Amino acid sequence: MTSVLLCAVPLAGHVAPMLGVAQALGERGFRVRVLTGRRFADAVRATGAEHLPLPPDADPDDDLSDVTSAAPGRRRPTGTGSLRATIARVFLDPAPGQFRALTAALAAEPTDAVVAEAAFVGAAALAHVPRDRRPAVVACGIVPLGVMSRDAAPFGLGLPPRGGPLGTARNVALNALVRHVALRRCQRQADETIRALSGRGLDGYFMDWLLAAERIAQLTVAEFEYPRRDLPASLRFVGPASRLAPPRGTTPPWWDELDDSRPVVLVTQGTLANSDLGQLVHPTLDALADAPVNVVVTTGGPPVDVLGPLPANAFAATFVPYDLLMPRVDVFVTNGGYGGIHLALEHGVPVVVAGDTEDKPETAARVAWAGVGVNLRTGTPRPEAVRSAVRQVIGDGRYRQAAGRIGEAIRAAPGGEGLAALVREAIADDGASVPVRGARRVG
């Protein structure tokens with residue numbers, strides 16, 4: 001039996017797509033272990049996989065609210081400021097603990113491949129170990145593709161492509177600026193961390209570590225990613241995690257009261273950046289309170305009563321099974337979570353996106369570039385901006401048509417079969433499985 005070890009940073013938005021990967025590989029006969037936070041143990045086991053806990057120094061108790069929300073009296077971090085904070089907190093600080101746990105798991109039993117999401121830098125360190133002393137590494141792209149390219153602006157700026165020689169010159173200049181100025185400290189910390197763990201420093205930009213993996217499985221379709229002439233040969237578009245995971249959940253008590261004769265607008269701030277629902281949920285409720293639509297709110301974790309009194313046309317739940325809800329939705333209002341947007345597009349639902357932290361500006365920019373919705377270019381829109389955008393998306397059929405085209409591509413994506421084939425390709429690059437021994441350094 002082919003044995004794989006999956007790795008995910010212990011945050012819901014990172015674990016959820018990797019659970020889809022675990023389910024897909026397990027259904028195809030792989031032995032699957034998942035290395036992630038303790039609070040996700042039951043969710044991992046529900047896929048049929050074995051859960052391996054991260055150590056405390058790689059499994060913080062907090063929820064990243066310090067990088068997704070502002071403390072009282074302070075500005076909320078956005079743009080490259082948010083990206084710097086997220087890179088340090090999510091990517092780099094936990095890497096030594098991740099690597100210790102990863103190498104211990106590999107020493108415990110022979111493993112054919114490590115399949116890790118891109119934020120799990122412990123796997124980046126493993127990918128820098130010589131191939132004859134480690135298993136194959138497959139990097140899973142659960143956020144927009146972040147490797148540097150002459151055909152795209154650097155990750156984090158939220159800039160769409162620009163063609164021609166001027167566009168290429170812009171991209172080359174911005175790539176150098178981000179690597180050597182804006183994210184210089186992150187680059188230095190990443191190089192020092194990976195060198196200490198693997199014995200080898202970085203060959204280039206730290207977000208390009210995916211290129212050191214044997215394969216890259218990008219969990220989207222090519223139609224929702226910027227075209228690049230310099231895409232690595234190791235990359236495959238296998239489709240979003242929504243195509244890998246089975247439907248889950250039950251419908252809320254008000255399900256049968258939802259009136260399909262009026263447009264349905266779904267709004268959420270996801271499962272991470274939802275400590276302040278005044279950023280997007282409340283502006284949307286205020287914007288559409290008197291509109292001839294039904295508004296469905298999912299809080300993503302906080303209890304529904306934190307919303308206070310709801311308008312007469314609003315329905316709320318902590319979670320709703322999106323696979324059942326999305327076919328009834330006309331517009332999805334979101335702060336830009338990669339997984340949620342793909343769930344909407346899979347069902348041909350156009351999007352209004354308001355996100356300006358972590359990877360969300362990149363996802364929002366792709367929404368506008370692909371023509372599948374409106375990018376509000378802020379994480380805290382005013383109600384009138386939300387109202388105008390929702391009206392625009394409902395009133396212009398081109399958004400739904402574009403979303404439908406992306407949805408067709410998603411449904412045609414190779415999904416679980418393609419992912420399993422990709423893992424087997426990576427393993428075949430170097431025949432036998434190689435257990436890694438030693439907790440701090442390899443070889």
# chains A, B, ... in the order shown; residues from 1 in each chain; ligands from 1
>>> select_by_dssp(residues="region 198-275 of chain A", states="strand (DSSP E or B)", output="MDAnalysis selection string")
chainID A and resid 215:218 235:237 264:268
>>> select_by_dssp(residues="region 145-365 of chain A", states="alpha helix (DSSP H)", output="VMD selection string")
chain A and resid 164 to 177 184 to 198 281 to 288 322 to 325 338 to 346 360 to 365
>>> residues_around(residues="Ala41 (chain A)", least_positions_apart="6", cutoff="12 Å", atoms="only C-alpha atoms", output="PDB file with all heavy atoms, in the first residue's frame")
ATOM      1  N   PRO A  10      -2.206  24.357  11.356  1.00  0.00           N
ATOM      2  CA  PRO A  10      -3.432  24.110  12.131  1.00  0.00           C
ATOM      3  C   PRO A  10      -4.397  25.289  12.166  1.00  0.00           C
ATOM      4  O   PRO A  10      -4.712  25.834  13.226  1.00  0.00           O
ATOM      5  CB  PRO A  10      -2.893  23.771  13.523  1.00  0.00           C
ATOM      6  CG  PRO A  10      -1.614  24.526  13.623  1.00  0.00           C
ATOM      7  CD  PRO A  10      -1.017  24.487  12.234  1.00  0.00           C
ATOM      8  N   VAL A  15      -6.528  23.479   6.904  1.00  0.00           N
ATOM      9  CA  VAL A  15      -6.822  22.068   7.129  1.00  0.00           C
ATOM     10  C   VAL A  15      -7.939  21.577   6.211  1.00  0.00           C
ATOM     11  O   VAL A  15      -7.867  20.462   5.669  1.00  0.00           O
ATOM     12  CB  VAL A  15      -7.185  21.822   8.607  1.00  0.00           C
ATOM     13  CG1 VAL A  15      -7.640  20.384   8.827  1.00  0.00           C
ATOM     14  CG2 VAL A  15      -5.992  22.145   9.514  1.00  0.00           C
ATOM     15  N   LEU A  19      -8.119  18.044   4.126  1.00  0.00           N
ATOM     16  CA  LEU A  19      -9.022  16.942   4.449  1.00  0.00           C
ATOM     17  C   LEU A  19      -9.635  16.371   3.178  1.00  0.00           C
ATOM     18  O   LEU A  19      -9.836  15.157   3.061  1.00  0.00           O
ATOM     19  CB  LEU A  19     -10.116  17.409   5.410  1.00  0.00           C
ATOM     20  CG  LEU A  19      -9.664  17.819   6.810  1.00  0.00           C
ATOM     21  CD1 LEU A  19     -10.863  18.259   7.633  1.00  0.00           C
ATOM     22  CD2 LEU A  19      -8.919  16.696   7.509  1.00  0.00           C
ATOM     23  N   ARG A  33      -1.739   9.431   6.570  1.00  0.00           N
ATOM     24  CA  ARG A  33      -1.592  10.045   7.883  1.00  0.00           C
ATOM     25  C   ARG A  33      -1.604  11.554   7.685  1.00  0.00           C
ATOM     26  O   ARG A  33      -1.102  12.056   6.672  1.00  0.00           O
ATOM     27  CB  ARG A  33      -0.281   9.618   8.545  1.00  0.00           C
ATOM     28  CG  ARG A  33      -0.199   8.123   8.858  1.00  0.00           C
ATOM     29  CD  ARG A  33       1.138   7.761   9.516  1.00  0.00           C
ATOM     30  NE  ARG A  33       2.262   7.953   8.599  1.00  0.00           N
ATOM     31  CZ  ARG A  33       3.523   8.098   8.984  1.00  0.00           C
ATOM     32  NH1 ARG A  33       3.830   8.131  10.277  1.00  0.00           N
ATOM     33  NH2 ARG A  33       4.490   8.235   8.096  1.00  0.00           N
ATOM     34  N   VAL A  34      -2.176  12.270   8.642  1.00  0.00           N
ATOM     35  CA  VAL A  34      -2.281  13.731   8.533  1.00  0.00           C
ATOM     36  C   VAL A  34      -1.646  14.365   9.758  1.00  0.00           C
ATOM     37  O   VAL A  34      -2.072  14.126  10.895  1.00  0.00           O
ATOM     38  CB  VAL A  34      -3.747  14.188   8.408  1.00  0.00           C
ATOM     39  CG1 VAL A  34      -3.813  15.714   8.293  1.00  0.00           C
ATOM     40  CG2 VAL A  34      -4.407  13.544   7.193  1.00  0.00           C
ATOM     41  N   LEU A  35      -0.632  15.180   9.512  1.00  0.00           N
ATOM     42  CA  LEU A  35       0.079  15.902  10.572  1.00  0.00           C
ATOM     43  C   LEU A  35      -0.477  17.317  10.651  1.00  0.00           C
ATOM     44  O   LEU A  35      -0.268  18.129   9.739  1.00  0.00           O
ATOM     45  CB  LEU A  35       1.582  15.917  10.263  1.00  0.00           C
ATOM     46  CG  LEU A  35       2.495  16.672  11.235  1.00  0.00           C
ATOM     47  CD1 LEU A  35       2.453  16.046  12.625  1.00  0.00           C
ATOM     48  CD2 LEU A  35       3.924  16.704  10.694  1.00  0.00           C
ATOM     49  N   THR A  47     -12.220  11.334   7.851  1.00  0.00           N
ATOM     50  CA  THR A  47     -11.862  11.028   6.462  1.00  0.00           C
ATOM     51  C   THR A  47     -11.322   9.610   6.308  1.00  0.00           C
ATOM     52  O   THR A  47     -11.061   9.163   5.181  1.00  0.00           O
ATOM     53  CB  THR A  47     -10.795  12.003   5.938  1.00  0.00           C
ATOM     54  OG1 THR A  47      -9.541  11.742   6.596  1.00  0.00           O
ATOM     55  CG2 THR A  47     -11.202  13.447   6.161  1.00  0.00           C
ATOM     56  N   GLY A  48     -11.104   8.924   7.425  1.00  0.00           N
ATOM     57  CA  GLY A  48     -10.492   7.601   7.389  1.00  0.00           C
ATOM     58  C   GLY A  48      -8.996   7.625   7.560  1.00  0.00           C
ATOM     59  O   GLY A  48      -8.345   6.571   7.557  1.00  0.00           O
ATOM     60  N   ALA A  49      -8.418   8.811   7.728  1.00  0.00           N
ATOM     61  CA  ALA A  49      -6.968   8.943   7.881  1.00  0.00           C
ATOM     62  C   ALA A  49      -6.582   8.873   9.352  1.00  0.00           C
ATOM     63  O   ALA A  49      -7.415   9.041  10.252  1.00  0.00           O
ATOM     64  CB  ALA A  49      -6.493  10.259   7.273  1.00  0.00           C
ATOM     65  N   GLU A  50      -5.298   8.657   9.606  1.00  0.00           N
ATOM     66  CA  GLU A  50      -4.756   8.689  10.958  1.00  0.00           C
ATOM     67  C   GLU A  50      -4.274  10.092  11.277  1.00  0.00           C
ATOM     68  O   GLU A  50      -3.622  10.739  10.444  1.00  0.00           O
ATOM     69  CB  GLU A  50      -3.591   7.700  11.077  1.00  0.00           C
ATOM     70  CG  GLU A  50      -2.926   7.691  12.456  1.00  0.00           C
ATOM     71  CD  GLU A  50      -1.722   6.771  12.536  1.00  0.00           C
ATOM     72  OE1 GLU A  50      -1.565   5.916  11.625  1.00  0.00           O
ATOM     73  OE2 GLU A  50      -0.926   6.913  13.487  1.00  0.00           O
ATOM     74  N   HIS A  51      -4.598  10.579  12.467  1.00  0.00           N
ATOM     75  CA  HIS A  51      -4.163  11.909  12.875  1.00  0.00           C
ATOM     76  C   HIS A  51      -2.862  11.839  13.655  1.00  0.00           C
ATOM     77  O   HIS A  51      -2.710  11.021  14.559  1.00  0.00           O
ATOM     78  CB  HIS A  51      -5.229  12.584  13.749  1.00  0.00           C
ATOM     79  CG  HIS A  51      -4.787  13.896  14.320  1.00  0.00           C
ATOM     80  ND1 HIS A  51      -4.402  14.067  15.634  1.00  0.00           N
ATOM     81  CD2 HIS A  51      -4.630  15.103  13.722  1.00  0.00           C
ATOM     82  CE1 HIS A  51      -4.054  15.322  15.829  1.00  0.00           C
ATOM     83  NE2 HIS A  51      -4.177  15.970  14.691  1.00  0.00           N
ATOM     84  N   LEU A  52      -1.910  12.704  13.292  1.00  0.00           N
ATOM     85  CA  LEU A  52      -0.666  12.876  14.030  1.00  0.00           C
ATOM     86  C   LEU A  52      -0.621  14.317  14.528  1.00  0.00           C
ATOM     87  O   LEU A  52      -0.723  15.254  13.726  1.00  0.00           O
ATOM     88  CB  LEU A  52       0.545  12.594  13.140  1.00  0.00           C
ATOM     89  CG  LEU A  52       0.634  11.206  12.501  1.00  0.00           C
ATOM     90  CD1 LEU A  52       1.885  11.127  11.633  1.00  0.00           C
ATOM     91  CD2 LEU A  52       0.638  10.123  13.560  1.00  0.00           C
ATOM     92  N   PRO A  53      -0.472  14.552  15.841  1.00  0.00           N
ATOM     93  CA  PRO A  53      -0.527  15.914  16.374  1.00  0.00           C
ATOM     94  C   PRO A  53       0.795  16.658  16.203  1.00  0.00           C
ATOM     95  O   PRO A  53       1.883  16.076  16.342  1.00  0.00           O
ATOM     96  CB  PRO A  53      -0.832  15.703  17.852  1.00  0.00           C
ATOM     97  CG  PRO A  53      -0.231  14.363  18.162  1.00  0.00           C
ATOM     98  CD  PRO A  53      -0.387  13.532  16.914  1.00  0.00           C
ATOM     99  N   LEU A  54       0.694  17.927  15.904  1.00  0.00           N
ATOM    100  CA  LEU A  54       1.858  18.802  15.915  1.00  0.00           C
ATOM    101  C   LEU A  54       2.244  19.115  17.355  1.00  0.00           C
ATOM    102  O   LEU A  54       1.394  19.143  18.251  1.00  0.00           O
ATOM    103  CB  LEU A  54       1.551  20.105  15.175  1.00  0.00           C
ATOM    104  CG  LEU A  54       1.516  20.033  13.652  1.00  0.00           C
ATOM    105  CD1 LEU A  54       0.857  21.285  13.074  1.00  0.00           C
ATOM    106  CD2 LEU A  54       2.912  19.856  13.082  1.00  0.00           C
TER     107      LEU A  54
END
>>> residues_around(residues="region 223-225 of chain A", least_positions_apart="2", cutoff="10 Å", atoms="only C-alpha atoms", output="ChimeraX atom specification")
/A:144-145,218,220-221,227-228,237,342,345,363,366-367,369-372,405-407,409-410
